[in-house]
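**Q** The structure that follows is given in the form of structure tokens.
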Amino acid sequence: MAEVVLENICKTYGNNFHAIDQLNLSVKDGEFLILVGPSGCGKSTALRMIAGLEDVTSGSLRIGGIDVVDMPPKDRDIAMVFQSYALYPHMTVFENIGFSMRLAGKPKAERKKRVDEIAKTLQLTSLLDSKPANLSGGQRQRVAMGRAMVREPAAFLMDEPLSNLDAKLRVQMRAEITSLQKQLGVTTIYVTHDQTEAMTMGDRVAVLKGGVLQQVDTPKRLYESPVNAFVAGFIGSPSMNLFEAALTGDELMSGALAIRLQDAAFVRRPGLRSYAGRKVVFGIRPEDLYDSSLESGRKYQTIPAKVTSIEELGSEQIVHLNIDAVRVDSGDPDAVQDFGLASNAVAKFEPVSTVRSGSEIRLALDDTKLHFFDPETHLAI
Amino acid sequence: MTQHKRSHHKLKRAVAPYLYLSPSLLIIGLLMLLPMVTVIGYSFQNSAVLRRDPSFAGLKHYQAIFNDPVFWASLWHTLYFTCMSVIFHMTIGMVFALMLNSDRINPTLRNILRVLYILPWLFTAVIIAVIWRLLLEPNGVVNSILMQIGIIGSKVEWFSSPATALHAVTFANIWAGYPLFMVSLLAGLQGIPKDFYEAADIDGAKAYQKLIFITIPQLMPIIISISLLDFIWTMQVFPLIWITTGGGPIYSTEVLSTYTYKLAFSSYNLSQASASAVVILLISLGLTLFYIRYQKAR
């Protein structure tokens, strides 16, 4: 077990493309850190640099206090789980798990003992003689985990290990990996583009965009206090609604829309007063918007909205709306603008809501949950 | 649909695939099966082709060739020529394929090497034979280079000396045939996921361990398929040997193909030549069946 420290890590490719720019990150001993971000943000590159599969252009990288920048992967005392699992198809599960021990010249008896232990932990004992082609996706994933565990490394590196599984299995494996990590207590760095995985699995989450670290924090803090509009939009599903409005006195004004702000909003964000008479970006999460005709929404102020479409999920309804405000792009390249220009906001309503597509409604919003960002820099106010 | 219409439709569906196959079956039948059966027939006749009413000879011609020491020498030469060719085709093909697949070599150099390495494949057997006859002449380039660097003291008659002729033709055939392996193995190498090697790097595998534990097992289906095909094709090589040595000197490069040819067109003993051809057919057939069984097993 070990601490992994990245200091001013940069990765520049031949064509002067900066994949990673000045990355500073410290992963504590035994911590489960998630690297998350949209496609091409540099998260996999960062992980591969830690593994030694990519050269570091500049900066320092320490694992367990030892600078490993110039060390080959095998000497870094890490184990990696690949997105494709990288299981050797011509070897059995036993041979795959015990491969690193075989390379190290460990006697067969010792190999068998260790592989059996791991197979027991991962419930793979009955599959030890099978080839990967005869295993299900979840079983292959567990073999890949076993191969990483067999070496008792200082740190686990996982590169989107669940992305090849179907949705149900992914949820199950998410829980399995989390509990296994807690059980083993090994420092783990886990790369994903799925913000749900990021929020549910990690002790802390590092959000990357364009090779630059945006925020590293606990899932709760990321959700509640995003440092900029990108993090605000990236974390949470559906994404936070972001709009531009003018701050006039203690009201946010945009077209026919007026949202009254309470004094507490200014107390919590002293900087907000300086935006008086200017434009500001405000954000509200879909779960902080309510159907005003229901009990849950009665206590909040309302704004006019038109329902454009509804997704019934059983436990809740995802309601796409159009409100009189200009939507702001969070900067997430993977984000899809729902239904073109017809809707510019999303709300999560209770299943008992009776709103219908095409109807004009009063949308209740919890103004204590508003987030504010600078319209130029998109930094949180 | 009536009962009659339905059965008519069923019949049409059953016959259709055979109708599609019939042109190729007809051509194969006329150009391959018919000559093959005829040759088998000749091998049991006295004075086949030469006489209008040849008499039945039984196994006489087979007995004759099995009693002929030249036949056994040819069989041994064929096996040596084929085994050495296949082994070296594979080894050289593998080394060159690994070289061309390596990202340690400059991409421009790699492209140039790719063209150079594939060159032998572009020449017909006759041109290859002529090239090597010129190169291996007593006064040729090879002798002069080997003498200059001191490997040989006097000029060697590569194709004319019984001690070296078989090795020389085998060498020429190896040179001519490795590109097939190289191209096939290169395609196979490019299909091996990079993750396998990265996972092995992390696990601490050395270069030779990656070759043994990942590359070769991953290429094994290609290695076996191409080796079997190469074995079948090399066993039947004729023009290269015929043009370089003609099977001599003193039968030292006689292989089954040249032995059969000489029986047929030098001695005009077409019946015995047919028996020899049937022996080649049986050996090839055995290997082909092995190949088909292997392909099915995959």
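Naming scheme: A, B, ... for chains in displayed order of the structure tokens; residues 1 onward per chain; ligands 1 onward as shown.
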Residues of region 53-227 of chain B classed as alpha helix (DSSP H) by DSSP on the backbone are to be reported as a PyMOL selection string.
**A** chain B and resi 60-66+69-101+107-122+125-135+141-148+165-190+194-203+207-210+216-227
**Q** Pull out every residue of chain A that has at least one atom within 6 Å of chain B, counting only C-alpha atoms, and report them as a ChimeraX atom specification.
**A** /A:73-74,86,100
**Q** Using only N, CA and C atoms, please write the residues we just selected to a file, as a short mmCIF file (atom, residue, chain, number, x, y, z; two decimals), in the first residue's frame.
**A**
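Generated output (result-v9.cif):
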```cif
data_model
loop_
_atom_site.label_atom_id
_atom_site.label_comp_id
_atom_site.auth_asym_id
_atom_site.auth_seq_id
_atom_site.Cartn_x
_atom_site.Cartn_y
_atom_site.Cartn_z
N PRO A 73 7.28 -0.09 -16.05
CA PRO A 73 6.03 -0.43 -15.35
C PRO A 73 6.20 -1.51 -14.28
N LYS A 74 7.02 -2.54 -14.58
CA LYS A 74 7.11 -3.69 -13.67
C LYS A 74 7.71 -3.32 -12.32
N ALA A 86 -7.80 -7.47 -21.05
CA ALA A 86 -6.50 -7.99 -21.51
C ALA A 86 -6.22 -9.39 -20.98
N SER A 100 1.73 -13.43 -13.60
CA SER A 100 2.85 -12.60 -13.10
C SER A 100 3.75 -13.41 -12.17
#
```
**Q** For region 234-247 of chain B, work out the shell of residues within 8 Å, counting only C-alpha atoms and skipping chain neighbours fewer than 2 positions away, then give it as a ChimeraX atom specification.
**A** /B:78-79,81-82,85-86,125-126,128-130,132-133,159-160,165,169,173,230-232,249-259,284
**Q** Just the residues within 10 Å of region 190-205 of chain A, please, counting only C-alpha atoms, with nothing from its chain fewer than 3 positions along; format it as a CSV table (one decimal) with N, CA and C atoms, in the first residue's frame.
**A**
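Written out: result25.csv:
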```
chain,number,residue,atom,x,y,z
A,27,VAL,N,-2.9,11.1,-3.9
A,27,VAL,CA,-3.9,10.0,-3.5
A,27,VAL,C,-3.3,9.3,-2.3
A,30,GLY,N,-4.4,3.9,0.7
A,30,GLY,CA,-5.7,3.2,0.9
A,30,GLY,C,-6.9,3.9,0.3
A,31,GLU,N,-6.7,5.0,-0.3
A,31,GLU,CA,-7.8,5.8,-0.8
A,31,GLU,C,-8.3,5.3,-2.1
A,32,PHE,N,-9.6,5.5,-2.4
A,32,PHE,CA,-10.2,5.1,-3.7
A,32,PHE,C,-10.5,6.4,-4.4
A,33,LEU,N,-9.6,6.7,-5.4
A,33,LEU,CA,-9.8,8.0,-6.1
A,33,LEU,C,-10.3,7.7,-7.5
A,34,ILE,N,-11.3,8.5,-7.9
A,34,ILE,CA,-11.8,8.3,-9.3
A,34,ILE,C,-11.3,9.5,-10.1
A,35,LEU,N,-10.8,9.2,-11.3
A,35,LEU,CA,-10.5,10.2,-12.3
A,35,LEU,C,-11.7,10.2,-13.3
A,36,VAL,N,-12.3,11.3,-13.4
A,36,VAL,CA,-13.5,11.3,-14.3
A,36,VAL,C,-13.4,12.5,-15.2
A,37,GLY,N,-14.1,12.4,-16.3
A,37,GLY,CA,-14.1,13.6,-17.2
A,37,GLY,C,-14.7,13.1,-18.6
A,38,PRO,N,-15.0,14.0,-19.5
A,38,PRO,CA,-15.5,13.6,-20.8
A,38,PRO,C,-14.5,13.0,-21.7
A,39,SER,N,-14.9,12.5,-22.8
A,39,SER,CA,-13.9,11.8,-23.7
A,39,SER,C,-12.8,12.8,-24.1
A,40,GLY,N,-11.6,12.3,-24.1
A,40,GLY,CA,-10.4,13.1,-24.5
A,40,GLY,C,-9.9,14.1,-23.5
A,41,CYS,N,-10.4,13.9,-22.2
A,41,CYS,CA,-10.0,14.9,-21.2
A,41,CYS,C,-8.6,14.6,-20.6
A,43,LYS,N,-7.9,11.6,-18.9
A,43,LYS,CA,-7.9,10.8,-17.7
A,43,LYS,C,-7.2,9.4,-17.9
A,44,SER,N,-7.4,8.8,-19.1
A,44,SER,CA,-6.7,7.5,-19.3
A,44,SER,C,-5.2,7.8,-19.5
A,45,THR,N,-4.8,8.9,-20.1
A,45,THR,CA,-3.4,9.2,-20.3
A,45,THR,C,-2.7,9.4,-18.9
A,46,ALA,N,-3.4,10.1,-18.0
A,46,ALA,CA,-2.9,10.2,-16.7
A,46,ALA,C,-2.7,8.9,-16.0
A,47,LEU,N,-3.6,8.0,-16.1
A,47,LEU,CA,-3.5,6.7,-15.5
A,47,LEU,C,-2.4,5.9,-16.1
A,80,MET,N,-2.7,-3.2,-12.9
A,80,MET,CA,-3.7,-2.5,-13.7
A,80,MET,C,-4.8,-3.4,-14.3
A,81,VAL,N,-6.0,-2.9,-14.2
A,81,VAL,CA,-7.1,-3.6,-14.8
A,81,VAL,C,-7.5,-2.8,-16.1
A,83,GLN,N,-9.5,-1.8,-19.7
A,83,GLN,CA,-10.9,-1.7,-20.2
A,83,GLN,C,-11.3,-3.0,-20.9
A,156,PHE,N,-3.7,-0.1,-7.1
A,156,PHE,CA,-4.4,-0.6,-8.3
A,156,PHE,C,-4.8,0.5,-9.2
A,157,LEU,N,-4.6,0.3,-10.5
A,157,LEU,CA,-5.0,1.3,-11.5
A,157,LEU,C,-6.1,0.6,-12.3
A,158,MET,N,-7.2,1.3,-12.5
A,158,MET,CA,-8.3,0.6,-13.3
A,158,MET,C,-8.8,1.6,-14.3
A,159,ASP,N,-8.7,1.1,-15.6
A,159,ASP,CA,-9.1,2.0,-16.7
A,159,ASP,C,-10.5,1.6,-17.3
A,160,GLU,N,-11.5,2.3,-16.8
A,160,GLU,CA,-12.9,2.0,-17.3
A,160,GLU,C,-13.2,0.5,-17.3
A,161,PRO,N,-13.0,-0.2,-16.1
A,161,PRO,CA,-13.1,-1.6,-16.2
A,161,PRO,C,-14.6,-2.1,-16.3
A,162,LEU,N,-15.6,-1.2,-16.2
A,162,LEU,CA,-16.9,-1.7,-16.3
A,162,LEU,C,-17.6,-1.3,-17.6
A,163,SER,N,-16.9,-0.6,-18.4
A,163,SER,CA,-17.6,-0.1,-19.6
A,163,SER,C,-18.0,-1.1,-20.6
A,170,ARG,N,-23.2,-3.9,-14.5
A,170,ARG,CA,-22.3,-2.8,-14.1
A,170,ARG,C,-22.6,-2.3,-12.7
A,171,VAL,N,-23.9,-2.2,-12.3
A,171,VAL,CA,-24.3,-1.8,-11.0
A,171,VAL,C,-23.8,-2.8,-10.0
A,174,ARG,N,-20.0,-2.6,-9.7
A,174,ARG,CA,-19.6,-1.4,-9.0
A,174,ARG,C,-19.6,-1.7,-7.5
A,175,ALA,N,-20.6,-2.3,-7.0
A,175,ALA,CA,-20.6,-2.6,-5.6
A,175,ALA,C,-19.5,-3.6,-5.2
A,177,ILE,N,-16.6,-4.1,-6.6
A,177,ILE,CA,-15.3,-3.5,-6.7
A,177,ILE,C,-15.1,-2.6,-5.5
A,178,THR,N,-16.1,-1.9,-5.1
A,178,THR,CA,-16.0,-1.0,-4.0
A,178,THR,C,-15.8,-1.8,-2.7
A,179,SER,N,-16.5,-2.8,-2.5
A,179,SER,CA,-16.3,-3.6,-1.2
A,179,SER,C,-15.0,-4.3,-1.2
A,181,GLN,N,-12.3,-3.2,-2.6
A,181,GLN,CA,-11.2,-2.2,-2.4
A,181,GLN,C,-11.2,-1.9,-0.9
A,187,THR,N,-4.6,1.4,-2.2
A,187,THR,CA,-4.7,2.6,-2.9
A,187,THR,C,-5.2,2.3,-4.3
A,208,LEU,N,-11.5,16.0,-14.6
A,208,LEU,CA,-10.6,16.6,-15.6
A,208,LEU,C,-11.3,17.1,-16.8
A,215,GLN,N,-11.4,20.0,-10.3
A,215,GLN,CA,-11.7,19.9,-8.9
A,215,GLN,C,-11.5,18.5,-8.4
A,216,VAL,N,-10.9,18.4,-7.2
A,216,VAL,CA,-10.8,17.1,-6.6
A,216,VAL,C,-11.4,17.2,-5.2
A,217,ASP,N,-12.4,16.4,-5.0
A,217,ASP,CA,-13.2,16.5,-3.7
A,217,ASP,C,-14.0,15.3,-3.5
A,218,THR,N,-14.7,15.2,-2.4
A,218,THR,CA,-15.6,14.1,-2.1
A,218,THR,C,-16.8,14.2,-3.0
A,219,PRO,N,-17.5,13.1,-3.3
A,219,PRO,CA,-18.6,13.2,-4.2
A,219,PRO,C,-19.7,14.2,-3.7
A,220,LYS,N,-19.9,14.2,-2.4
A,220,LYS,CA,-20.9,15.1,-1.9
A,220,LYS,C,-20.5,16.6,-2.1
A,221,ARG,N,-19.2,16.9,-1.9
A,221,ARG,CA,-18.8,18.3,-2.1
A,221,ARG,C,-18.8,18.7,-3.5
A,222,LEU,N,-18.5,17.8,-4.4
A,222,LEU,CA,-18.5,18.0,-5.8
A,222,LEU,C,-20.0,18.4,-6.3
A,223,TYR,N,-20.9,17.6,-5.7
A,223,TYR,CA,-22.3,17.8,-6.0
A,223,TYR,C,-22.8,19.1,-5.5
A,234,PHE,N,-21.2,18.6,-15.2
A,234,PHE,CA,-20.8,17.2,-15.5
A,234,PHE,C,-21.3,16.3,-14.4
A,235,ILE,N,-21.2,16.8,-13.1
A,235,ILE,CA,-21.6,15.9,-12.0
A,235,ILE,C,-23.2,16.0,-11.8
A,236,GLY,N,-23.8,14.9,-11.7
A,236,GLY,CA,-25.3,14.9,-11.6
A,236,GLY,C,-25.9,14.5,-12.9
A,237,SER,N,-27.0,13.7,-12.7
A,237,SER,CA,-27.7,13.2,-13.9
A,237,SER,C,-29.2,13.3,-13.6
A,334,ASP,N,-19.3,15.9,-24.2
A,334,ASP,CA,-20.2,14.7,-24.4
A,334,ASP,C,-21.6,15.0,-24.1
```
**Q** Find the spatial neighbours of Ala48 (chain B), counting only C-alpha atoms, within a cut-off of 12 Å - ignore same-chain residues fewer than 3 positions away - and output them as number ranges by chain.
**A** B: 38-45, 51-57, 61, 264, 268-275
**Q** Which of these residues is nearest to Ala187 (chain B), using only C-alpha atoms: B:Ile152, B:Ala97, B:Leu25, B:Ile87?
**A** B:Ala97
**Q** Can you pull out the residues contacting Leu128 (chain A)? Cut-off 12 Å, using only C-alpha atoms, and skip same-chain residues under 3 positions away; I want them as a PDB file with C-alpha atoms, in the first residue's frame.
**A**
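Everything below was put into around-v3.pdb:
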```
ATOM      1  CA  MET A  91      -4.559 -19.385 -21.034  1.00  0.00           C
ATOM      2  CA  THR A  92      -7.000 -20.725 -18.466  1.00  0.00           C
ATOM      3  CA  VAL A  93      -8.316 -18.571 -15.637  1.00  0.00           C
ATOM      4  CA  PHE A  94      -5.679 -20.149 -13.363  1.00  0.00           C
ATOM      5  CA  GLU A  95      -2.891 -19.345 -15.811  1.00  0.00           C
ATOM      6  CA  ASN A  96      -4.155 -15.820 -16.360  1.00  0.00           C
ATOM      7  CA  ILE A  97      -4.306 -15.030 -12.652  1.00  0.00           C
ATOM      8  CA  GLY A  98      -0.974 -16.691 -11.931  1.00  0.00           C
ATOM      9  CA  LYS A 112      -1.471 -22.569  -6.812  1.00  0.00           C
ATOM     10  CA  VAL A 115      -4.340 -18.251  -7.070  1.00  0.00           C
ATOM     11  CA  ASP A 116      -6.688 -20.508  -5.077  1.00  0.00           C
ATOM     12  CA  GLU A 117      -6.938 -17.879  -2.335  1.00  0.00           C
ATOM     13  CA  ILE A 118      -7.799 -15.180  -4.838  1.00  0.00           C
ATOM     14  CA  ALA A 119     -10.212 -17.384  -6.751  1.00  0.00           C
ATOM     15  CA  LYS A 120     -12.005 -18.037  -3.461  1.00  0.00           C
ATOM     16  CA  LEU A 122     -13.594 -13.614  -6.196  1.00  0.00           C
ATOM     17  CA  GLN A 123     -15.781 -16.749  -6.398  1.00  0.00           C
ATOM     18  CA  LEU A 124     -13.854 -18.077  -9.372  1.00  0.00           C
ATOM     19  CA  THR A 125     -12.798 -21.446  -7.920  1.00  0.00           C
ATOM     20  CA  LYS A 131     -10.662 -20.231 -20.894  1.00  0.00           C
ATOM     21  CA  PRO A 132     -11.755 -16.569 -21.009  1.00  0.00           C
ATOM     22  CA  ASN A 134     -16.178 -19.425 -21.995  1.00  0.00           C
ATOM     23  CA  LEU A 135     -16.742 -16.803 -19.286  1.00  0.00           C
ATOM     24  CA  GLN A 139     -16.599 -13.347 -14.709  1.00  0.00           C
ATOM     25  CA  ARG A 140     -13.942 -11.980 -17.077  1.00  0.00           C
ATOM     26  CA  ARG A 142     -13.369 -10.683 -11.932  1.00  0.00           C
ATOM     27  CA  VAL A 143     -10.498 -12.632 -13.504  1.00  0.00           C
ATOM     28  CA  GLY A 146      -7.751 -11.417  -9.726  1.00  0.00           C
TER      29      GLY A 146
END
```
**Q** For region 317-325 of chain A, work out the shell of residues within 8 Å, counting only C-alpha atoms and skipping chain neighbours fewer than 4 positions away, then give it as an NGL selection string.
**A** :A and (243-245 or 254-257 or 304-313 or 342-351 or 353)
**Q** Could you go through region 157-367 of chain A and tell me which residues DSSP, when run on the backbone, assigns to strand (DSSP E or B), listing them as a ChimeraX atom specification?
**A** /A:157-159,187-192,204-209,212-217,228,241-248,251-254,257-260,279-284,289-291,301-312,317-322,326-327,345-349,360-365
**Q** Would you output that residue set with C-alpha atoms, as an mmCIF file, in the first residue's frame?
**A**
```cif
data_model
loop_
_atom_site.group_PDB
_atom_site.id
_atom_site.type_symbol
_atom_site.label_atom_id
_atom_site.label_comp_id
_atom_site.auth_asym_id
_atom_site.auth_seq_id
_atom_site.Cartn_x
_atom_site.Cartn_y
_atom_site.Cartn_z
ATOM 1 C CA LEU A 157 -5.017 1.252 -11.494
ATOM 2 C CA MET A 158 -8.313 0.646 -13.271
ATOM 3 C CA ASP A 159 -9.091 1.965 -16.718
ATOM 4 C CA THR A 187 -4.729 2.616 -2.914
ATOM 5 C CA THR A 188 -6.853 2.619 -6.059
ATOM 6 C CA ILE A 189 -7.065 5.021 -8.965
ATOM 7 C CA TYR A 190 -10.066 4.368 -11.143
ATOM 8 C CA VAL A 191 -10.759 6.029 -14.480
ATOM 9 C CA THR A 192 -14.280 6.414 -15.785
ATOM 10 C CA ARG A 204 -12.736 11.348 -3.683
ATOM 11 C CA VAL A 205 -13.316 12.290 -7.295
ATOM 12 C CA ALA A 206 -10.953 14.254 -9.531
ATOM 13 C CA VAL A 207 -12.686 15.947 -12.463
ATOM 14 C CA LEU A 208 -10.569 16.580 -15.559
ATOM 15 C CA LYS A 209 -11.336 18.627 -18.641
ATOM 16 C CA VAL A 212 -6.592 20.272 -16.710
ATOM 17 C CA LEU A 213 -7.730 19.228 -13.248
ATOM 18 C CA GLN A 214 -10.936 21.091 -12.440
ATOM 19 C CA GLN A 215 -11.723 19.928 -8.923
ATOM 20 C CA VAL A 216 -10.825 17.083 -6.612
ATOM 21 C CA ASP A 217 -13.184 16.517 -3.748
ATOM 22 C CA ASN A 228 -17.141 25.958 -11.948
ATOM 23 C CA ASN A 241 -29.667 23.488 -15.684
ATOM 24 C CA LEU A 242 -27.509 26.543 -16.388
ATOM 25 C CA PHE A 243 -28.976 29.861 -17.544
ATOM 26 C CA GLU A 244 -27.891 33.434 -18.015
ATOM 27 C CA ALA A 245 -29.843 36.184 -16.227
ATOM 28 C CA ALA A 246 -29.377 39.752 -15.038
ATOM 29 C CA LEU A 247 -29.053 40.325 -11.299
ATOM 30 C CA THR A 248 -31.306 43.279 -10.541
ATOM 31 C CA GLU A 251 -33.923 39.338 -8.336
ATOM 32 C CA LEU A 252 -32.649 37.290 -11.252
ATOM 33 C CA MET A 253 -34.336 38.612 -14.387
ATOM 34 C CA SER A 254 -34.513 37.040 -17.822
ATOM 35 C CA LEU A 257 -38.729 35.252 -15.705
ATOM 36 C CA ALA A 258 -38.043 36.688 -12.249
ATOM 37 C CA ILE A 259 -36.501 34.739 -9.379
ATOM 38 C CA ARG A 260 -36.330 36.439 -6.034
ATOM 39 C CA LYS A 279 -25.261 39.335 -16.022
ATOM 40 C CA VAL A 280 -24.666 36.153 -14.035
ATOM 41 C CA VAL A 281 -24.937 32.436 -14.769
ATOM 42 C CA PHE A 282 -27.240 30.604 -12.412
ATOM 43 C CA GLY A 283 -27.706 26.873 -12.111
ATOM 44 C CA ILE A 284 -30.311 24.628 -10.578
ATOM 45 C CA LEU A 289 -37.262 21.838 -9.407
ATOM 46 C CA TYR A 290 -40.795 20.806 -8.379
ATOM 47 C CA ASP A 291 -44.301 20.521 -9.703
ATOM 48 C CA GLN A 301 -41.576 30.383 -5.543
ATOM 49 C CA THR A 302 -42.665 29.545 -9.081
ATOM 50 C CA ILE A 303 -41.774 30.513 -12.607
ATOM 51 C CA PRO A 304 -43.704 29.884 -15.840
ATOM 52 C CA ALA A 305 -42.595 26.909 -17.957
ATOM 53 C CA LYS A 306 -43.876 24.846 -20.852
ATOM 54 C CA VAL A 307 -43.597 21.058 -20.725
ATOM 55 C CA THR A 308 -42.090 19.777 -23.984
ATOM 56 C CA SER A 309 -41.766 16.077 -23.194
ATOM 57 C CA ILE A 310 -41.846 13.600 -20.310
ATOM 58 C CA GLU A 311 -39.804 10.466 -19.604
ATOM 59 C CA GLU A 312 -41.691 8.172 -17.212
ATOM 60 C CA GLN A 317 -40.531 11.547 -14.119
ATOM 61 C CA ILE A 318 -37.884 13.370 -16.112
ATOM 62 C CA VAL A 319 -39.695 16.434 -17.427
ATOM 63 C CA HIS A 320 -38.198 18.464 -20.260
ATOM 64 C CA LEU A 321 -39.247 22.083 -20.121
ATOM 65 C CA ASN A 322 -38.873 25.369 -21.850
ATOM 66 C CA VAL A 326 -30.938 31.626 -22.276
ATOM 67 C CA ARG A 327 -29.329 28.267 -21.617
ATOM 68 C CA ALA A 345 -34.431 22.787 -18.846
ATOM 69 C CA VAL A 346 -34.902 19.411 -17.189
ATOM 70 C CA ALA A 347 -36.730 18.680 -13.944
ATOM 71 C CA LYS A 348 -37.237 15.519 -11.893
ATOM 72 C CA PHE A 349 -40.858 15.316 -10.757
ATOM 73 C CA GLU A 360 -48.090 25.427 -19.502
ATOM 74 C CA ILE A 361 -47.214 24.974 -15.827
ATOM 75 C CA ARG A 362 -45.853 26.879 -12.856
ATOM 76 C CA LEU A 363 -42.469 25.416 -12.019
ATOM 77 C CA ALA A 364 -41.465 25.583 -8.362
ATOM 78 C CA LEU A 365 -37.798 26.017 -7.573
#
```
**Q** Nearest to Cys83 (chain B) among B:Asn106, B:Ser24, B:Thr215, B:Ser227, with distances taken over only C-alpha atoms: which residue is it?
**A**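 Between B:Asn106, B:Ser24, B:Thr215, B:Ser227, the residue approaching Cys83 (chain B) most closely is B:Ser227.
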**Q** What does the distance from CA of Phe171 (chain B) to CA of Ile65 (chain B) come to in Å, to one decimal?
**A**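 Answer for the CA of Phe171 (chain B) to CA of Ile65 (chain B) separation: 28.3 Å.
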